[in-house]
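Below is query-v3.cif, holding mmCIF, C-alpha atoms.
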```
data_target
#
loop_
_atom_site.label_atom_id
_atom_site.label_comp_id
_atom_site.auth_asym_id
_atom_site.auth_seq_id
_atom_site.Cartn_x
_atom_site.Cartn_y
_atom_site.Cartn_z
CA MET A 1 28.73 -30.80 -6.29
CA HIS A 2 28.71 -27.06 -5.65
CA ARG A 3 25.29 -25.76 -4.73
CA VAL A 4 24.38 -22.23 -5.66
CA ILE A 5 21.11 -20.47 -4.87
CA VAL A 6 19.97 -18.10 -7.59
CA CYS A 7 17.57 -15.62 -5.97
CA GLY A 8 15.41 -13.63 -8.35
CA GLU A 9 13.09 -13.99 -11.29
CA GLY A 10 13.02 -13.49 -15.03
CA PRO A 11 15.24 -14.34 -18.01
CA LEU A 12 18.49 -13.32 -16.29
CA ALA A 13 17.90 -15.62 -13.31
CA LEU A 14 17.12 -18.48 -15.69
CA GLU A 15 20.22 -17.82 -17.81
CA ILE A 16 22.45 -17.68 -14.72
CA ALA A 17 21.07 -20.99 -13.47
CA ARG A 18 21.75 -22.47 -16.91
CA ALA A 19 25.34 -21.12 -17.00
CA LEU A 20 26.01 -22.46 -13.51
CA ARG A 21 24.72 -25.91 -14.39
CA THR A 22 27.04 -25.90 -17.41
CA ALA A 23 29.85 -25.16 -14.96
CA THR A 24 28.83 -28.34 -13.07
CA ARG A 25 27.14 -26.49 -10.28
CA ASP A 26 23.75 -27.30 -8.88
CA ALA A 27 21.70 -24.14 -9.22
CA ILE A 28 18.68 -23.88 -6.93
CA ALA A 29 16.08 -21.27 -7.82
CA ALA A 30 14.60 -19.05 -5.12
CA VAL A 31 12.21 -16.17 -5.58
CA ASP A 32 12.95 -14.40 -2.30
CA ALA A 33 14.64 -14.67 1.09
CA ALA A 34 12.06 -17.18 2.30
CA GLY A 35 12.96 -19.34 -0.69
CA VAL A 36 16.65 -18.96 0.17
CA GLN A 37 15.88 -20.13 3.73
CA ARG A 38 13.97 -23.14 2.40
CA ALA A 39 16.82 -24.07 0.04
CA ILE A 40 19.33 -23.91 2.88
CA GLY A 41 17.04 -26.02 5.07
CA ALA A 42 16.56 -28.61 2.34
CA ALA A 43 20.30 -28.80 1.70
CA ARG A 44 20.97 -29.30 5.42
CA GLU A 45 18.38 -32.05 5.68
CA GLY A 46 20.05 -33.83 2.79
CA GLY A 47 23.45 -33.50 4.47
CA ASP A 48 24.53 -30.97 1.83
CA ARG A 49 25.49 -27.37 2.03
CA ILE A 50 25.05 -24.22 0.02
CA ASP A 51 28.31 -22.76 -1.35
CA ALA A 52 27.11 -19.59 -2.97
CA LEU A 53 24.32 -17.13 -3.65
CA VAL A 54 23.58 -15.10 -6.76
CA THR A 55 20.98 -12.34 -6.49
CA VAL A 56 19.19 -10.92 -9.51
CA PRO A 57 17.41 -7.56 -9.24
CA PRO A 58 13.87 -6.91 -10.47
CA SER A 59 13.51 -5.90 -14.09
CA ARG A 60 13.29 -2.24 -14.96
CA VAL A 61 10.29 -0.49 -13.47
CA ALA A 62 8.26 2.41 -14.75
CA ALA A 63 9.50 5.18 -12.50
CA GLU A 64 10.34 8.84 -12.76
CA THR A 65 12.07 11.80 -11.17
CA ILE A 66 11.73 12.44 -7.44
CA VAL A 67 8.87 14.83 -8.13
CA ALA A 68 6.90 12.16 -9.96
CA THR A 69 7.69 9.34 -7.49
CA PRO A 70 5.04 8.97 -4.76
CA GLU A 71 6.25 7.61 -1.43
CA PRO A 72 4.51 4.22 -1.79
CA LEU A 73 6.30 3.65 -5.12
CA TRP A 74 9.63 4.62 -3.51
CA ASP A 75 8.97 2.17 -0.66
CA ASP A 76 8.08 -0.59 -3.11
CA ILE A 77 11.17 -0.07 -5.27
CA ILE A 78 13.56 0.05 -2.29
CA GLU A 79 11.86 -3.00 -0.79
CA ARG A 80 12.17 -5.08 -3.96
CA HIS A 81 15.62 -3.89 -5.04
CA LEU A 82 17.46 -3.46 -1.77
CA THR A 83 15.67 -4.93 1.24
CA ALA A 84 14.99 -8.18 -0.62
CA LEU A 85 18.75 -8.41 -1.27
CA PHE A 86 19.52 -7.69 2.39
CA LEU A 87 17.19 -10.47 3.50
CA ALA A 88 18.53 -13.01 1.00
CA CYS A 89 22.12 -12.30 2.07
CA LYS A 90 21.15 -12.29 5.75
CA ALA A 91 19.73 -15.77 5.26
CA VAL A 92 22.78 -17.21 3.54
CA VAL A 93 25.77 -15.47 5.18
CA PRO A 94 25.60 -17.34 8.53
CA HIS A 95 25.41 -20.62 6.59
CA LEU A 96 28.47 -19.66 4.49
CA ILE A 97 30.40 -18.62 7.62
CA ALA A 98 29.56 -21.92 9.27
CA ASN A 99 30.86 -23.70 6.16
CA GLY A 100 34.19 -21.88 6.45
CA GLY A 101 33.51 -19.58 3.52
CA GLY A 102 31.57 -19.10 0.32
CA ALA A 103 30.77 -16.67 -2.43
CA ILE A 104 28.04 -14.17 -3.21
CA VAL A 105 27.46 -12.37 -6.49
CA ASN A 106 24.95 -9.55 -6.43
CA ILE A 107 23.73 -8.05 -9.69
CA ALA A 108 22.87 -4.38 -9.84
CA GLY A 109 21.71 -2.25 -12.74
CA ALA A 110 23.69 0.59 -14.29
CA ALA A 111 21.15 2.98 -12.75
CA GLY A 112 23.23 2.38 -9.62
CA TYR A 113 25.58 5.03 -10.96
CA GLY A 114 22.62 7.43 -11.20
CA ARG A 115 20.35 7.82 -14.21
CA ALA A 116 17.87 10.46 -15.29
CA HIS A 117 14.18 9.78 -14.70
CA ARG A 118 14.95 6.77 -12.51
CA ALA A 119 15.35 8.36 -9.07
CA ALA A 120 14.14 5.54 -6.80
CA GLU A 121 15.55 2.80 -9.00
CA SER A 122 18.93 4.56 -9.04
CA ALA A 123 18.93 4.65 -5.25
CA GLY A 124 18.02 0.97 -5.12
CA HIS A 125 20.75 -0.15 -7.51
CA GLY A 126 23.32 2.20 -5.96
CA GLY A 127 22.45 0.68 -2.62
CA ILE A 128 23.16 -2.79 -4.02
CA ILE A 129 26.65 -1.67 -5.06
CA ALA A 130 27.51 -0.13 -1.69
CA PHE A 131 25.89 -2.97 0.24
CA GLY A 132 28.07 -5.53 -1.56
CA ALA A 133 31.23 -3.58 -0.77
CA ALA A 134 30.28 -3.35 2.91
CA LEU A 135 29.46 -7.06 3.02
CA ALA A 136 32.83 -7.87 1.44
CA TYR A 137 34.68 -5.94 4.14
CA ASP A 138 32.62 -7.33 7.00
CA HIS A 139 33.10 -10.96 6.03
CA PHE A 140 36.58 -10.80 4.52
CA HIS A 141 38.02 -12.82 7.40
CA ASP A 142 35.09 -15.25 7.27
CA ARG A 143 36.26 -16.12 3.73
CA VAL A 144 32.94 -15.04 2.30
CA ARG A 145 33.68 -13.41 -1.06
CA VAL A 146 31.19 -10.82 -2.26
CA ASN A 147 31.34 -9.33 -5.74
CA THR A 148 28.91 -7.11 -7.61
CA ILE A 149 28.08 -7.12 -11.30
CA VAL A 150 26.74 -3.86 -12.63
CA ALA A 151 24.73 -4.76 -15.70
CA GLY A 152 24.51 -2.18 -18.46
CA ASP A 153 21.06 -1.59 -19.92
CA ALA A 154 22.18 -3.20 -23.18
CA ALA A 155 23.90 -6.18 -21.56
CA SER A 156 22.12 -9.44 -22.35
CA PRO A 157 21.57 -12.34 -19.94
CA ALA A 158 23.93 -14.38 -22.16
CA GLU A 159 26.68 -11.82 -21.52
CA ILE A 160 26.05 -11.43 -17.80
CA ALA A 161 25.59 -15.07 -16.76
CA PRO A 162 29.09 -16.38 -17.64
CA VAL A 163 30.65 -13.47 -15.73
CA ALA A 164 28.64 -14.45 -12.64
CA ALA A 165 29.82 -18.05 -13.10
CA PHE A 166 33.42 -16.83 -13.37
CA LEU A 167 33.16 -14.79 -10.16
CA LEU A 168 32.01 -17.91 -8.29
CA SER A 169 34.80 -20.05 -9.74
CA ALA A 170 38.17 -20.97 -8.26
CA GLU A 171 39.83 -18.88 -10.99
CA ALA A 172 38.39 -15.79 -9.31
CA GLU A 173 38.89 -16.88 -5.73
CA VAL A 174 40.99 -13.87 -4.74
CA MET A 175 38.31 -11.50 -5.99
CA SER A 176 36.09 -9.93 -3.37
CA GLY A 177 34.52 -6.51 -3.12
CA SER A 178 34.92 -5.96 -6.83
CA ILE A 179 32.36 -3.93 -8.74
CA LEU A 180 32.40 -5.27 -12.26
CA ASP A 181 30.58 -3.65 -15.16
CA VAL A 182 29.15 -5.88 -17.86
CA GLY A 183 28.30 -4.09 -21.07
CA ASN A 184 30.03 -1.08 -22.46
CA ILE A 185 29.43 1.33 -19.60
CA ALA A 186 32.93 1.96 -18.21
CA TYR A 187 32.00 2.37 -14.52
CA GLN A 188 29.81 5.41 -15.03
CA GLY A 189 26.51 4.04 -16.19
CA GLY A 190 26.68 5.85 -19.50
CA ARG A 191 26.41 4.35 -22.90
CA MET B 1 44.58 -16.68 -30.18
CA VAL B 2 47.86 -14.88 -30.84
CA ILE B 3 48.53 -12.64 -27.84
CA ILE B 4 51.34 -10.13 -27.21
CA VAL B 5 52.25 -9.53 -23.56
CA THR B 6 54.23 -6.37 -22.78
CA GLY B 7 56.59 -6.78 -19.85
CA GLY B 8 55.59 -10.39 -20.28
CA THR B 9 58.86 -12.06 -19.37
CA PHE B 10 59.01 -11.46 -15.60
CA GLY B 11 56.86 -11.22 -12.47
CA ILE B 12 53.12 -10.81 -13.06
CA GLY B 13 53.81 -10.69 -16.82
CA ARG B 14 55.58 -14.01 -16.64
CA ALA B 15 52.60 -15.57 -14.84
CA ILE B 16 50.23 -14.14 -17.44
CA SER B 17 52.34 -15.44 -20.36
CA LEU B 18 52.52 -18.92 -18.83
CA LYS B 19 48.78 -19.04 -18.08
CA LEU B 20 47.85 -17.89 -21.59
CA ALA B 21 50.21 -20.47 -23.12
CA ARG B 22 48.69 -23.12 -20.84
CA ASP B 23 45.25 -22.11 -22.12
CA GLY B 24 46.41 -22.84 -25.68
CA HIS B 25 47.18 -19.32 -26.86
CA ARG B 26 50.26 -18.47 -28.90
CA VAL B 27 52.16 -15.99 -26.74
CA ILE B 28 54.77 -13.42 -27.70
CA ALA B 29 56.24 -11.84 -24.57
CA PHE B 30 58.65 -8.95 -24.58
CA GLY B 31 60.50 -6.79 -22.11
CA LEU B 32 63.92 -5.47 -21.21
CA ASP B 33 66.59 -7.76 -19.82
CA SER B 34 68.40 -5.07 -17.84
CA ARG B 35 67.09 -3.85 -14.51
CA GLN B 36 64.71 -0.92 -14.74
CA PRO B 37 64.10 1.75 -12.08
CA SER B 38 62.77 0.28 -8.83
CA SER B 39 62.43 -3.25 -10.25
CA VAL B 40 64.29 -6.52 -9.83
CA ALA B 41 63.07 -7.88 -13.19
CA GLU B 42 65.92 -9.01 -15.44
CA HIS B 43 67.03 -11.66 -17.94
CA GLY B 44 63.43 -12.67 -18.66
CA THR B 45 63.74 -13.18 -22.40
CA ALA B 46 65.99 -16.20 -21.82
CA THR B 47 64.55 -17.57 -18.59
CA LEU B 48 60.85 -17.56 -19.53
CA PRO B 49 61.11 -19.78 -22.66
CA ALA B 50 63.26 -22.20 -20.66
CA GLU B 51 60.71 -22.30 -17.87
CA ALA B 52 57.81 -22.68 -20.32
CA ALA B 53 59.63 -25.61 -21.95
CA THR B 54 59.71 -27.45 -18.62
CA PHE B 55 55.88 -27.42 -18.79
CA GLY B 56 55.95 -28.51 -22.44
CA LEU B 57 54.89 -25.01 -23.51
CA HIS B 58 56.32 -22.68 -26.12
CA ILE B 59 56.56 -18.92 -25.59
CA ASP B 60 58.34 -16.56 -27.98
CA THR B 61 60.23 -13.77 -26.27
CA LEU B 62 61.91 -10.66 -27.59
CA GLU B 63 63.91 -7.93 -25.92
CA ALA B 64 62.16 -4.66 -26.67
CA ASP B 65 61.24 -1.40 -24.91
CA VAL B 66 57.48 -0.74 -24.81
CA ALA B 67 58.17 3.00 -24.65
CA GLN B 68 59.86 2.98 -28.09
CA ALA B 69 57.54 2.83 -31.10
CA ALA B 70 60.23 1.17 -33.24
CA ASP B 71 60.70 -1.59 -30.67
CA VAL B 72 56.94 -2.19 -30.46
CA ALA B 73 56.72 -2.28 -34.27
CA ARG B 74 59.45 -4.93 -34.32
CA VAL B 75 57.42 -7.12 -31.93
CA VAL B 76 54.24 -6.68 -33.97
CA ASP B 77 56.12 -7.50 -37.19
CA PHE B 78 57.48 -10.65 -35.54
CA ALA B 79 54.00 -11.72 -34.41
CA LEU B 80 52.55 -11.20 -37.88
CA ALA B 81 55.46 -12.92 -39.63
CA THR B 82 55.31 -15.89 -37.25
CA HIS B 83 51.57 -16.30 -36.74
CA GLY B 84 49.93 -14.14 -39.43
CA GLU B 85 47.57 -12.39 -37.01
CA ILE B 86 47.23 -10.69 -33.64
CA GLY B 87 44.09 -11.29 -31.61
CA GLY B 88 45.12 -10.14 -28.16
CA LEU B 89 47.32 -7.72 -26.27
CA VAL B 90 48.17 -7.53 -22.58
CA ASN B 91 49.46 -4.11 -21.52
CA ASN B 92 51.39 -5.26 -18.48
CA ALA B 93 54.79 -3.52 -18.66
CA ALA B 94 55.20 -1.04 -15.83
CA ILE B 95 57.70 0.46 -13.44
CA GLY B 96 56.73 1.78 -10.04
CA PRO B 97 59.26 4.04 -8.34
CA LEU B 98 57.79 5.51 -5.16
CA GLY B 99 57.70 9.18 -4.18
CA THR B 100 55.67 12.31 -3.62
CA ILE B 101 55.72 15.29 -5.96
CA LEU B 102 58.60 16.70 -3.91
CA THR B 103 60.76 13.61 -4.27
CA THR B 104 59.87 12.67 -7.85
CA SER B 105 62.35 14.06 -10.34
CA GLU B 106 61.23 15.07 -13.80
CA ASP B 107 63.35 12.27 -15.27
CA VAL B 108 61.63 9.63 -13.13
CA TRP B 109 58.22 11.14 -13.89
CA ARG B 110 58.90 10.99 -17.63
CA ARG B 111 60.13 7.39 -17.55
CA VAL B 112 57.13 6.18 -15.49
CA ILE B 113 54.64 7.88 -17.81
CA ASP B 114 56.56 6.65 -20.88
CA VAL B 115 56.58 2.99 -19.83
CA ASN B 116 53.26 2.66 -18.04
CA LEU B 117 50.98 4.95 -20.04
CA LYS B 118 52.65 5.73 -23.35
CA GLY B 119 53.67 2.08 -23.58
CA ALA B 120 49.99 1.06 -23.45
CA TYR B 121 49.19 3.71 -26.05
CA LEU B 122 51.98 2.58 -28.38
CA ALA B 123 51.25 -1.13 -28.09
CA SER B 124 47.49 -0.64 -28.51
CA LYS B 125 48.03 1.65 -31.48
CA ALA B 126 50.31 -0.91 -33.11
CA VAL B 127 47.98 -3.90 -32.74
CA LEU B 128 44.59 -2.23 -33.29
CA PRO B 129 44.72 -2.00 -37.10
CA HIS B 130 45.31 -5.77 -37.24
CA MET B 131 42.37 -6.37 -34.90
CA ILE B 132 40.09 -3.93 -36.72
CA SER B 133 40.79 -5.62 -40.05
CA ARG B 134 39.45 -8.88 -38.56
CA GLN B 135 36.71 -7.12 -36.57
CA ARG B 136 37.74 -8.86 -33.37
CA GLY B 137 40.27 -8.51 -30.60
CA SER B 138 40.74 -8.24 -26.87
CA ILE B 139 43.08 -5.91 -25.00
CA ALA B 140 43.69 -6.50 -21.29
CA ASN B 141 45.49 -3.90 -19.23
CA VAL B 142 47.16 -4.65 -15.93
CA GLY B 143 46.14 -1.67 -13.85
CA SER B 144 46.76 -0.81 -10.24
CA GLY B 145 44.96 0.47 -7.17
CA GLY B 146 47.39 3.34 -7.61
CA GLY B 147 45.14 4.40 -10.46
CA TRP B 148 42.67 5.63 -7.84
CA GLY B 149 45.48 7.68 -6.25
CA LYS B 150 47.67 6.38 -3.42
CA PRO B 151 50.12 8.07 -1.05
CA ASN B 152 53.81 8.19 -2.01
CA MET B 153 52.99 6.85 -5.50
CA LEU B 154 52.66 10.12 -7.36
CA ALA B 155 53.98 9.33 -10.83
CA TYR B 156 52.83 5.72 -10.70
CA SER B 157 49.31 6.76 -9.63
CA ALA B 158 49.10 9.30 -12.45
CA SER B 159 50.23 6.71 -14.99
CA LYS B 160 47.74 4.09 -13.79
CA GLY B 161 44.85 6.54 -13.51
CA GLY B 162 45.61 7.51 -17.07
CA MET B 163 45.52 3.84 -18.00
CA PHE B 164 41.95 3.49 -16.63
CA ALA B 165 40.80 6.41 -18.74
CA LEU B 166 42.76 5.26 -21.81
CA ALA B 167 41.11 1.84 -21.58
CA ALA B 168 37.60 3.29 -21.23
CA ALA B 169 38.14 5.62 -24.18
CA LEU B 170 39.56 2.80 -26.33
CA ALA B 171 36.63 0.60 -25.30
CA TYR B 172 34.12 3.17 -26.50
CA ASP B 173 36.04 3.96 -29.70
CA HIS B 174 36.43 0.37 -30.86
CA ALA B 175 33.38 -1.44 -29.48
CA ALA B 176 31.85 -1.26 -32.95
CA ASP B 177 35.03 -2.87 -34.34
CA GLY B 178 34.41 -5.94 -32.18
CA ILE B 179 37.31 -5.11 -29.87
CA ARG B 180 37.07 -5.30 -26.08
CA VAL B 181 39.37 -3.34 -23.76
CA ASN B 182 39.39 -4.09 -20.03
CA THR B 183 41.67 -3.56 -17.04
CA VAL B 184 42.59 -6.00 -14.28
CA VAL B 185 43.75 -4.57 -10.95
CA PRO B 186 45.95 -7.07 -9.08
CA ARG B 187 45.99 -7.38 -5.34
CA PRO B 188 48.28 -5.00 -3.47
CA ALA B 189 51.51 -6.71 -2.43
CA THR B 190 51.46 -9.30 -5.20
CA LEU B 191 55.01 -10.62 -5.42
CA SER B 192 56.53 -9.18 -8.60
CA GLY B 193 59.63 -7.51 -10.00
CA MET B 194 58.04 -4.21 -9.01
CA SER B 195 56.88 -5.00 -5.48
CA LEU B 196 60.15 -6.69 -4.63
CA GLY B 197 62.12 -3.88 -6.28
CA ARG B 198 60.40 -1.32 -4.07
CA ILE B 199 61.94 -2.96 -0.99
CA GLY B 200 65.39 -3.27 -2.54
CA GLY B 201 64.92 -6.91 -3.52
CA ASP B 202 64.92 -7.94 0.15
CA MET B 203 62.43 -10.85 0.45
CA SER B 204 62.64 -10.69 4.26
CA ARG B 205 60.87 -7.31 4.07
CA PHE B 206 58.10 -8.55 1.78
CA ARG B 207 54.68 -8.52 3.46
CA PRO B 208 52.20 -10.49 1.38
CA ALA B 209 48.49 -9.75 1.81
CA VAL B 210 45.92 -12.46 2.49
CA ALA B 211 42.91 -12.49 0.17
CA ALA B 212 39.27 -12.96 1.20
CA VAL B 213 39.57 -16.64 0.31
CA GLY B 214 42.01 -17.01 3.19
CA ARG B 215 45.37 -17.36 1.45
CA VAL B 216 48.01 -15.10 0.01
CA GLY B 217 47.20 -13.80 -3.46
CA THR B 218 49.82 -14.43 -6.14
CA ALA B 219 50.66 -13.36 -9.67
CA ASP B 220 48.91 -16.54 -10.84
CA ASP B 221 45.62 -15.21 -9.45
CA CYS B 222 46.01 -12.07 -11.52
CA ALA B 223 46.93 -14.21 -14.54
CA ASN B 224 43.70 -16.24 -14.14
CA VAL B 225 41.61 -13.08 -14.32
CA VAL B 226 43.57 -11.74 -17.31
CA ALA B 227 43.13 -15.09 -19.08
CA PHE B 228 39.37 -14.93 -18.46
CA LEU B 229 39.30 -11.78 -20.62
CA PHE B 230 40.46 -13.85 -23.61
CA SER B 231 37.66 -16.40 -23.16
CA ALA B 232 34.21 -16.45 -24.75
CA ALA B 233 32.68 -16.08 -21.29
CA ALA B 234 34.00 -12.51 -21.16
CA ALA B 235 32.23 -11.42 -24.35
CA GLY B 236 30.06 -9.00 -22.36
CA LEU B 237 32.97 -7.19 -20.74
CA ASN B 238 34.18 -3.98 -22.34
CA GLY B 239 35.54 -0.88 -20.65
CA ALA B 240 35.42 -2.70 -17.32
CA ILE B 241 37.76 -2.76 -14.37
CA LEU B 242 38.17 -6.21 -12.84
CA ASP B 243 39.32 -5.49 -9.33
CA ALA B 244 41.17 -8.58 -8.16
CA GLY B 245 42.33 -6.70 -5.09
CA SER B 246 39.67 -7.70 -2.55
CA LEU B 247 39.12 -4.02 -1.83
CA PRO B 248 36.19 -2.29 -3.53
CA ARG B 249 37.80 0.25 -5.87
CA GLN B 250 40.83 -0.22 -3.59
CA GLY B 251 39.14 1.84 -0.93
CA GLY B 252 39.79 -0.17 2.17
CA PRO B 253 40.82 -0.62 4.82
CA VAL B 254 40.04 -4.27 5.31
CA PRO B 255 39.07 -4.69 9.00
CA ALA B 256 41.69 -6.20 11.28
CA PRO B 257 41.37 -9.98 11.71
CA PRO B 258 39.25 -10.96 14.72
#
```
Representation of the structure as structure tokens:
Amino acid sequence: MHRVIVCGEGPLALEIARALRTATRDAIAAVDAAGVQRAIGAAREGGDRIDALVTVPPSRVAAETIVATPEPLWDDIIERHLTALFLACKAVVPHLIANGGGAIVNIAGAAGYGRAHRAAESAGHGGIIAFGAALAYDHFHDRVRVNTIVAGDAASPAEIAPVAAFLLSAEAEVMSGSILDVGNIAYQGGR
Amino acid sequence: MVIIVTGGTFGIGRAISLKLARDGHRVIAFGLDSRQPSSVAEHGTATLPAEAATFGLHIDTLEADVAQAADVARVVDFALATHGEIGGLVNNAAIGPLGTILTTSEDVWRRVIDVNLKGAYLASKAVLPHMISRQRGSIANVGSGGGWGKPNMLAYSASKGGMFALAAALAYDHAADGIRVNTVVPRPATLSGMSLGRIGGDMSRFRPAVAAVGRVGTADDCANVVAFLFSAAAAGLNGAILDAGSLPRQGGPVPAPP
């Protein structure tokens, strides 16, 4: 049985877990990096291992231009969008390396290409995209595959989840570092 | 689904045709049997059906030039006469002579643009009315990292960059018609008629690239990703680039092995 941790909350995280279970994978829900650590620990105790991680970003926040974004709101958005992702990946990557490889799918929002009136959120999602690319390079030779889904604002969980499942599958096992748009946004964030 | 594969009789196209047939699609593959500039692809229209038969599969092949509208029309007519519909298209046909602007003749430039870019335009234009009438269809392009611009690949880069933009524009124009248009970028140094042709057909000079999963990537890997685009799981993908190259947007470089 392949064990995948799905880190994040909301309808998208639930739909991804459902799609992975359909693909005969055991999906373990985690809310944050501490939950990822606990899932890894529990798997180890049971003599199992974690094969993959999927991270789901927070849902859209009420935010504004740089002028209308106070520093505490910026800190909160970067913490929840980007630092939470860093910590979840930091928890799982050593485990994947020790296993001889694994796969990570990070989901970013289309604001990662830059959107009006979403200054901090754009920076957070853009950071997810660049972070995934860097992670893919760094752990290429560790056989840790890292791919990023950029979800268009109109893309539904039912559209996104099977793509995440595909990226974890053997059919996609030469894919790493890819930045894949779901929804009709053509790698620019527009609609 | 009935799927036409351009340049579908050899190399990466051959792998795509076989994978789609294996997945239960009805495949019509076409290409040219004579050697094209900087390629070792030849005789595919006879060899592919024979190979497919050894797997118990059937693939229809025709000899036709993707750069000629009349040839493309003949393939589309065959597909409609044989199967009554067209649900998918793979724009795979391409040639890849190397060179800078100084070493690329106008003749070579024209042929590269005609096959790689105009071929995708002609084939898409020919199948789209049949997809629009049924309000469904999927077009998969085989792109290249050259589409982001690469050294010594002037004409090829221009053709493949144009293909990215063509696909995005088509995706926007026909999303409301229920048609999805996406592009798969294979790994660099995937063994093919093109990559082997660029080194004069000399296998001893071929340097395959290892993928992040720890083995050499092949045309079959590209075919798996193309085939995904014809599955229900890919319903949310339109106007996307699926980079199967293990290099984000083909930026690179991948660090040296430890």
Which residues fall under the PyMOL selection byres ((chain B) within 9 of (chain A)) in this file, as a VMD selection string? chain B and resid 167 to 169 171 to 172 175 180 187 210 to 218 221 to 222 224 to 225 228 232 to 250 252 to 258
Mind writing the picked residues with C-alpha atoms as an mmCIF file, in the frame of the given file?
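Output (part_22.cif):
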```
data_model
loop_
_atom_site.group_PDB
_atom_site.id
_atom_site.type_symbol
_atom_site.label_atom_id
_atom_site.label_comp_id
_atom_site.auth_asym_id
_atom_site.auth_seq_id
_atom_site.Cartn_x
_atom_site.Cartn_y
_atom_site.Cartn_z
ATOM 1 C CA ALA B 167 41.110 1.840 -21.580
ATOM 2 C CA ALA B 168 37.600 3.290 -21.230
ATOM 3 C CA ALA B 169 38.140 5.620 -24.180
ATOM 4 C CA ALA B 171 36.630 0.600 -25.300
ATOM 5 C CA TYR B 172 34.120 3.170 -26.500
ATOM 6 C CA ALA B 175 33.380 -1.440 -29.480
ATOM 7 C CA ARG B 180 37.070 -5.300 -26.080
ATOM 8 C CA ARG B 187 45.990 -7.380 -5.340
ATOM 9 C CA VAL B 210 45.920 -12.460 2.490
ATOM 10 C CA ALA B 211 42.910 -12.490 0.170
ATOM 11 C CA ALA B 212 39.270 -12.960 1.200
ATOM 12 C CA VAL B 213 39.570 -16.640 0.310
ATOM 13 C CA GLY B 214 42.010 -17.010 3.190
ATOM 14 C CA ARG B 215 45.370 -17.360 1.450
ATOM 15 C CA VAL B 216 48.010 -15.100 0.010
ATOM 16 C CA GLY B 217 47.200 -13.800 -3.460
ATOM 17 C CA THR B 218 49.820 -14.430 -6.140
ATOM 18 C CA ASP B 221 45.620 -15.210 -9.450
ATOM 19 C CA CYS B 222 46.010 -12.070 -11.520
ATOM 20 C CA ASN B 224 43.700 -16.240 -14.140
ATOM 21 C CA VAL B 225 41.610 -13.080 -14.320
ATOM 22 C CA PHE B 228 39.370 -14.930 -18.460
ATOM 23 C CA ALA B 232 34.210 -16.450 -24.750
ATOM 24 C CA ALA B 233 32.680 -16.080 -21.290
ATOM 25 C CA ALA B 234 34.000 -12.510 -21.160
ATOM 26 C CA ALA B 235 32.230 -11.420 -24.350
ATOM 27 C CA GLY B 236 30.060 -9.000 -22.360
ATOM 28 C CA LEU B 237 32.970 -7.190 -20.740
ATOM 29 C CA ASN B 238 34.180 -3.980 -22.340
ATOM 30 C CA GLY B 239 35.540 -0.880 -20.650
ATOM 31 C CA ALA B 240 35.420 -2.700 -17.320
ATOM 32 C CA ILE B 241 37.760 -2.760 -14.370
ATOM 33 C CA LEU B 242 38.170 -6.210 -12.840
ATOM 34 C CA ASP B 243 39.320 -5.490 -9.330
ATOM 35 C CA ALA B 244 41.170 -8.580 -8.160
ATOM 36 C CA GLY B 245 42.330 -6.700 -5.090
ATOM 37 C CA SER B 246 39.670 -7.700 -2.550
ATOM 38 C CA LEU B 247 39.120 -4.020 -1.830
ATOM 39 C CA PRO B 248 36.190 -2.290 -3.530
ATOM 40 C CA ARG B 249 37.800 0.250 -5.870
ATOM 41 C CA GLN B 250 40.830 -0.220 -3.590
ATOM 42 C CA GLY B 252 39.790 -0.170 2.170
ATOM 43 C CA PRO B 253 40.820 -0.620 4.820
ATOM 44 C CA VAL B 254 40.040 -4.270 5.310
ATOM 45 C CA PRO B 255 39.070 -4.690 9.000
ATOM 46 C CA ALA B 256 41.690 -6.200 11.280
ATOM 47 C CA PRO B 257 41.370 -9.980 11.710
ATOM 48 C CA PRO B 258 39.250 -10.960 14.720
#
```
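Going from CA of Arg198 (chain B) to CA of Ala41 (chain B) covers 11.5 Å.
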Residue contacts of Ala29 (chain B) (6 Å, all atoms listed in the file) excluding same-chain residues fewer than 2 positions away, as a PDB file with C-alpha atoms, in the coordinates of the input:
```
ATOM      1  CA  ILE B   4      51.340 -10.130 -27.210  1.00  0.00           C
ATOM      2  CA  VAL B   5      52.250  -9.530 -23.560  1.00  0.00           C
ATOM      3  CA  GLY B   8      55.590 -10.390 -20.280  1.00  0.00           C
ATOM      4  CA  THR B   9      58.860 -12.060 -19.370  1.00  0.00           C
ATOM      5  CA  THR B  61      60.230 -13.770 -26.270  1.00  0.00           C
TER       6      THR B  61
END
```
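For the pair CA of Asp202 (chain B) and CA of Leu18 (chain B), the separation is 25.2 Å.
The shortest atom-to-atom distance to Leu229 (chain B), with all atoms listed in the file taken into account, belongs to B:Ile16 out of B:Thr45, B:Ile16, B:Thr82, B:Ser34.
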List the residues matched by the PyMOL selection byres ((chain B and resi 89-97) around 7) in the displayed structure as a ChimeraX atom specification, ordered by chain and then by residue number. /B:3-8,13,37-39,88,98-99,112,115-116,120,138-142,156,194,198
Looking at only C-alpha atoms, which of B:Ser17, B:Pro208, B:Ala165, B:Ala52 is the one that sits closest to Gln188 (chain A)? B:Ala165
Apply the PyMOL selection byres ((chain A and resi 27-32) around 10) to the structure shown and report the selected residues as a VMD selection string. chain A and resid 2 to 10 13 to 14 16 to 22 24 to 26 33 to 40 50 52 to 56 80 84 to 85 87 to 88
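Here CA of Glu45 (chain A) is placed at a distance of 24.6 Å from CA of Ala23 (chain A).
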Do a neighbour search on Leu154 (chain B) at 10 Å with all atoms listed in the file, toss out local chain neighbours closer than 5 positions, and write the hits as a VMD selection string. chain B and resid 96 to 104 109 146 to 147 149 159
